[in-house]
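Source file: entry-v4.txt (compact mmCIF, C-alpha atoms)
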# COMPACT_ATOMS: atom_id res chain seq x y z
CA MET A 1 108.11 115.87 84.86
CA VAL A 2 106.24 112.86 83.52
CA LEU A 3 107.82 110.06 81.51
CA GLU A 4 105.99 107.13 79.96
CA PHE A 5 108.05 103.96 80.00
CA ILE A 6 106.61 100.52 79.24
CA GLY A 7 103.14 101.36 80.50
CA ILE A 8 104.39 103.09 83.62
CA TYR A 9 104.32 106.81 84.30
CA THR A 10 107.08 108.13 86.52
CA VAL A 11 106.10 111.08 88.65
CA SER A 12 108.16 113.51 90.66
CA PRO A 13 107.00 114.46 94.19
CA GLY A 14 106.19 117.95 92.84
CA ALA A 15 103.90 116.47 90.19
CA ILE A 16 102.16 114.33 92.80
CA ALA A 17 101.55 117.34 95.02
CA ARG A 18 100.29 119.54 92.15
CA GLY A 19 96.67 118.34 92.04
CA VAL A 20 94.04 119.42 89.56
CA PRO A 21 90.81 120.78 91.08
CA GLY A 22 87.47 119.54 89.83
CA GLU A 23 88.61 116.14 88.58
CA GLU A 24 86.20 113.31 89.20
CA ALA A 25 87.29 110.26 91.21
CA MET A 26 87.54 107.05 89.17
CA ALA A 27 86.24 104.88 92.01
CA GLY A 28 83.39 102.63 90.87
CA ASN A 29 81.03 100.18 92.54
CA GLY A 30 82.54 98.40 95.50
CA ILE A 31 85.67 100.54 95.37
CA ILE A 32 86.44 103.03 98.11
CA GLU A 33 88.15 106.34 97.49
CA VAL A 34 91.28 106.29 99.63
CA THR A 35 92.76 109.63 100.70
CA ASP A 36 95.66 110.75 102.85
CA SER A 37 93.15 111.49 105.62
CA ASN A 38 91.31 108.13 105.61
CA PHE A 39 94.25 105.88 104.69
CA ASP A 40 95.17 104.72 108.20
CA GLN A 41 91.57 103.91 109.13
CA ASP A 42 90.42 102.35 105.85
CA VAL A 43 93.63 100.55 104.86
CA LEU A 44 96.06 100.02 107.72
CA LYS A 45 93.38 99.18 110.32
CA SER A 46 91.32 96.99 107.99
CA ASP A 47 90.40 93.50 109.20
CA THR A 48 90.64 92.21 105.62
CA PRO A 49 93.40 92.54 103.01
CA VAL A 50 93.25 95.78 101.00
CA LEU A 51 94.27 96.36 97.38
CA VAL A 52 95.10 100.05 96.79
CA ASP A 53 95.43 101.36 93.24
CA PHE A 54 97.55 104.53 93.04
CA TRP A 55 96.49 106.36 89.88
CA ALA A 56 95.91 109.72 88.15
CA THR A 57 93.39 110.86 85.55
CA TRP A 58 96.11 111.80 83.02
CA CYS A 59 97.74 108.34 83.18
CA GLY A 60 96.87 106.10 80.22
CA PRO A 61 97.98 102.82 81.81
CA CYS A 62 95.95 103.76 84.93
CA ARG A 63 92.83 104.10 82.81
CA ALA A 64 93.64 100.80 81.09
CA ILE A 65 93.94 98.88 84.37
CA ALA A 66 90.86 100.51 85.96
CA PRO A 67 88.32 97.99 84.53
CA ILE A 68 90.47 95.13 85.87
CA VAL A 69 90.53 96.70 89.34
CA GLU A 70 86.72 97.11 89.16
CA GLU A 71 86.34 93.43 88.21
CA LEU A 72 88.56 92.41 91.11
CA ALA A 73 86.46 94.50 93.52
CA LYS A 74 83.41 92.49 92.42
CA ASP A 75 85.24 89.14 92.38
CA TYR A 76 86.64 89.59 95.90
CA GLN A 77 83.66 91.39 97.46
CA GLY A 78 83.52 90.57 101.17
CA LYS A 79 87.04 89.09 101.12
CA VAL A 80 89.24 92.00 100.04
CA LYS A 81 88.68 95.74 100.29
CA VAL A 82 89.61 97.59 97.08
CA GLY A 83 90.51 101.27 97.07
CA LYS A 84 91.83 103.85 94.64
CA MET A 85 94.05 106.79 95.57
CA ASP A 86 94.43 109.73 93.18
CA VAL A 87 98.09 110.74 93.51
CA ASP A 88 97.37 114.25 92.22
CA HIS A 89 95.12 114.95 95.20
CA ASN A 90 96.97 112.92 97.85
CA SER A 91 100.74 113.29 98.04
CA ALA A 92 101.65 112.13 101.57
CA THR A 93 100.68 108.46 101.24
CA PRO A 94 102.35 107.80 97.86
CA MET A 95 105.54 109.41 99.17
CA ARG A 96 105.31 107.39 102.41
CA TYR A 97 105.21 104.13 100.43
CA GLY A 98 107.74 105.13 97.76
CA VAL A 99 105.26 105.23 94.89
CA ARG A 100 107.32 106.64 92.04
CA GLY A 101 105.45 105.24 89.05
CA ILE A 102 101.77 104.73 88.34
CA PRO A 103 99.76 102.68 88.20
CA THR A 104 101.06 101.08 91.38
CA LEU A 105 99.00 98.46 93.17
CA LEU A 106 99.83 97.67 96.79
CA VAL A 107 98.30 94.80 98.76
CA PHE A 108 98.09 95.50 102.49
CA LYS A 109 97.39 92.96 105.21
CA GLY A 110 97.67 93.62 108.93
CA GLY A 111 98.77 97.18 108.25
CA GLN A 112 101.79 96.10 106.17
CA VAL A 113 102.54 96.11 102.45
CA LYS A 114 102.59 92.48 101.33
CA GLU A 115 102.70 92.89 97.53
CA GLN A 116 103.64 95.66 95.08
CA ILE A 117 102.80 95.70 91.38
CA VAL A 118 103.94 98.59 89.17
CA GLY A 119 102.58 99.18 85.68
CA TYR A 120 99.85 97.53 83.66
CA VAL A 121 99.60 93.78 84.28
CA PRO A 122 96.97 91.16 83.43
CA LYS A 123 94.17 90.39 85.87
CA GLU A 124 95.70 86.99 86.70
CA THR A 125 98.90 88.61 88.01
CA ILE A 126 96.91 90.75 90.45
CA GLN A 127 94.74 87.78 91.46
CA LYS A 128 97.83 85.73 92.34
CA ALA A 129 99.16 88.59 94.48
CA ILE A 130 95.83 88.87 96.33
CA ASP A 131 95.27 85.12 96.69
CA LYS A 132 98.57 84.70 98.56
CA HIS A 133 97.09 86.70 101.44
CA LEU A 134 93.62 85.19 101.75
CA GLY A 135 92.59 82.47 104.11
Since I need it in another form, could you write the structure as structure tokens?
Amino acid sequence: MVLEFIGIYTVSPGAIARGVPGEEAMAGNGIIEVTDSNFDQDVLKSDTPVLVDFWATWCGPCRAIAPIVEELAKDYQGKVKVGKMDVDHNSATPMRYGVRGIPTLLVFKGGQVKEQIVGYVPKETIQKAIDKHLG
């Protein structure tokens, strides 16, 4: 069951677990592909803050926010790690962090969620969330 509501898609755990084979990862330059298997190492154990974008290929707002996430990866290169997790191919991590709508952006620092943003937002909103945890 998928519902679009104000730029947010709501997904059921069954829809997250479904997965569609052969889909290409959206990760671009400077963006790591985060999976259930590499999440602990690449996100929770990171020495720098990490912005994780939970997304899916069928999600319009996810595609709309993708260029902003790519810009942020360039803007914060060396300061913040940026990753994208496809919820159709990775169900454990979104369920672990209560991701019920996408896009969801989580900022991690020291292995803990410090910020959560759900839905499409302007670049400045994401920058403010990241900037709180730098320095």
**Asked** What is the distance, in Å and to one decimal place, between CA of Gln116 in chain A and CA of Val52 in chain A?
**Response**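 One can read the CA of Gln116 in chain A to CA of Val52 in chain A distance as 9.8 Å.
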**Message:** Which residues are close to Lys74 in chain A, i.e. within 9 Å by all atoms listed in the file, leaving aside same-chain residues fewer than 5 positions away? Reply as JSON, numbers by chain.
**Reply:** {"A": [29, 30, 31, 69]}
**Prompt:** In Å, with one decimal, what is the gap from CA of Tyr120 in chain A to CA of Met85 in chain A?
**Reply:**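 That distance, rounded to one decimal, is 16.2 Å.
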**Message:** So the first atom is CA of Phe108 in chain A and the second is CA of Val50 in chain A; what is the distance between them in Å, to one decimal place?
**Reply:** 5.1 Å
**Option closest in space to Ala66 in chain A, from A:Lys114, A:Lys84, A:Lys79, A:Arg100 [counting all atoms listed in the file]** = A:Lys84
Export range 98-130 of chain A of the preceding structure, keeping N, CA and C atoms, as a compact mmCIF listing (two decimals), in the first residue's frame.
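Output file out10.txt is given in full below:
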# COMPACT_ATOMS: atom_id res chain seq x y z
N GLY A 98 12.34 3.22 12.25
CA GLY A 98 10.97 3.71 12.16
C GLY A 98 10.68 4.54 10.93
N VAL A 99 11.35 4.25 9.83
CA VAL A 99 11.11 4.98 8.58
C VAL A 99 9.79 4.48 8.01
N ARG A 100 8.78 5.34 8.03
CA ARG A 100 7.46 4.97 7.55
C ARG A 100 7.05 5.75 6.31
N GLY A 101 7.76 6.81 6.01
CA GLY A 101 7.49 7.62 4.83
C GLY A 101 8.80 7.97 4.16
N ILE A 102 8.78 8.10 2.85
CA ILE A 102 9.99 8.49 2.13
C ILE A 102 9.67 9.66 1.21
N PRO A 103 10.63 10.51 0.95
CA PRO A 103 12.00 10.43 1.44
C PRO A 103 12.09 10.75 2.94
N THR A 104 12.98 10.05 3.61
CA THR A 104 13.36 10.37 4.98
C THR A 104 14.86 10.56 5.00
N LEU A 105 15.29 11.67 5.59
CA LEU A 105 16.72 11.95 5.75
C LEU A 105 17.03 11.87 7.24
N LEU A 106 18.02 11.06 7.60
CA LEU A 106 18.46 10.98 8.98
C LEU A 106 19.91 11.43 9.06
N VAL A 107 20.21 12.26 10.05
CA VAL A 107 21.60 12.68 10.31
C VAL A 107 22.07 11.89 11.52
N PHE A 108 23.16 11.16 11.33
CA PHE A 108 23.77 10.36 12.40
C PHE A 108 25.07 11.00 12.83
N LYS A 109 25.33 10.98 14.12
CA LYS A 109 26.62 11.40 14.65
C LYS A 109 26.89 10.55 15.88
N GLY A 110 28.10 9.97 15.95
CA GLY A 110 28.44 9.12 17.07
C GLY A 110 27.53 7.91 17.19
N GLY A 111 27.04 7.42 16.08
CA GLY A 111 26.20 6.23 16.08
C GLY A 111 24.76 6.47 16.47
N GLN A 112 24.36 7.73 16.63
CA GLN A 112 23.00 8.07 17.06
C GLN A 112 22.31 8.97 16.04
N VAL A 113 20.99 8.82 15.93
CA VAL A 113 20.21 9.73 15.08
C VAL A 113 20.14 11.08 15.79
N LYS A 114 20.58 12.12 15.10
CA LYS A 114 20.55 13.47 15.67
C LYS A 114 19.45 14.33 15.04
N GLU A 115 19.10 14.05 13.79
CA GLU A 115 18.09 14.83 13.07
C GLU A 115 17.29 13.89 12.18
N GLN A 116 16.00 14.21 11.99
CA GLN A 116 15.14 13.46 11.07
C GLN A 116 14.32 14.45 10.27
N ILE A 117 14.35 14.28 8.95
CA ILE A 117 13.57 15.12 8.04
C ILE A 117 12.76 14.19 7.15
N VAL A 118 11.44 14.38 7.11
CA VAL A 118 10.58 13.53 6.30
C VAL A 118 9.91 14.39 5.23
N GLY A 119 9.99 13.91 3.99
CA GLY A 119 9.37 14.62 2.87
C GLY A 119 10.34 15.55 2.18
N TYR A 120 9.87 16.14 1.10
CA TYR A 120 10.69 17.07 0.33
C TYR A 120 10.81 18.38 1.10
N VAL A 121 12.04 18.85 1.26
CA VAL A 121 12.31 20.14 1.92
C VAL A 121 13.37 20.87 1.11
N PRO A 122 13.48 22.19 1.27
CA PRO A 122 14.52 22.93 0.56
C PRO A 122 15.91 22.58 1.09
N LYS A 123 16.91 22.84 0.27
CA LYS A 123 18.31 22.56 0.61
C LYS A 123 18.69 23.21 1.94
N GLU A 124 18.23 24.43 2.17
CA GLU A 124 18.60 25.18 3.38
C GLU A 124 18.16 24.45 4.66
N THR A 125 17.01 23.80 4.61
CA THR A 125 16.51 23.06 5.78
C THR A 125 17.46 21.91 6.12
N ILE A 126 17.93 21.22 5.10
CA ILE A 126 18.85 20.10 5.32
C ILE A 126 20.21 20.63 5.80
N GLN A 127 20.66 21.73 5.21
CA GLN A 127 21.93 22.34 5.63
C GLN A 127 21.90 22.71 7.11
N LYS A 128 20.82 23.30 7.55
CA LYS A 128 20.70 23.68 8.98
C LYS A 128 20.78 22.46 9.88
N ALA A 129 20.14 21.37 9.47
CA ALA A 129 20.16 20.14 10.26
C ALA A 129 21.58 19.58 10.34
N ILE A 130 22.31 19.63 9.23
CA ILE A 130 23.69 19.12 9.20
C ILE A 130 24.60 20.05 10.00
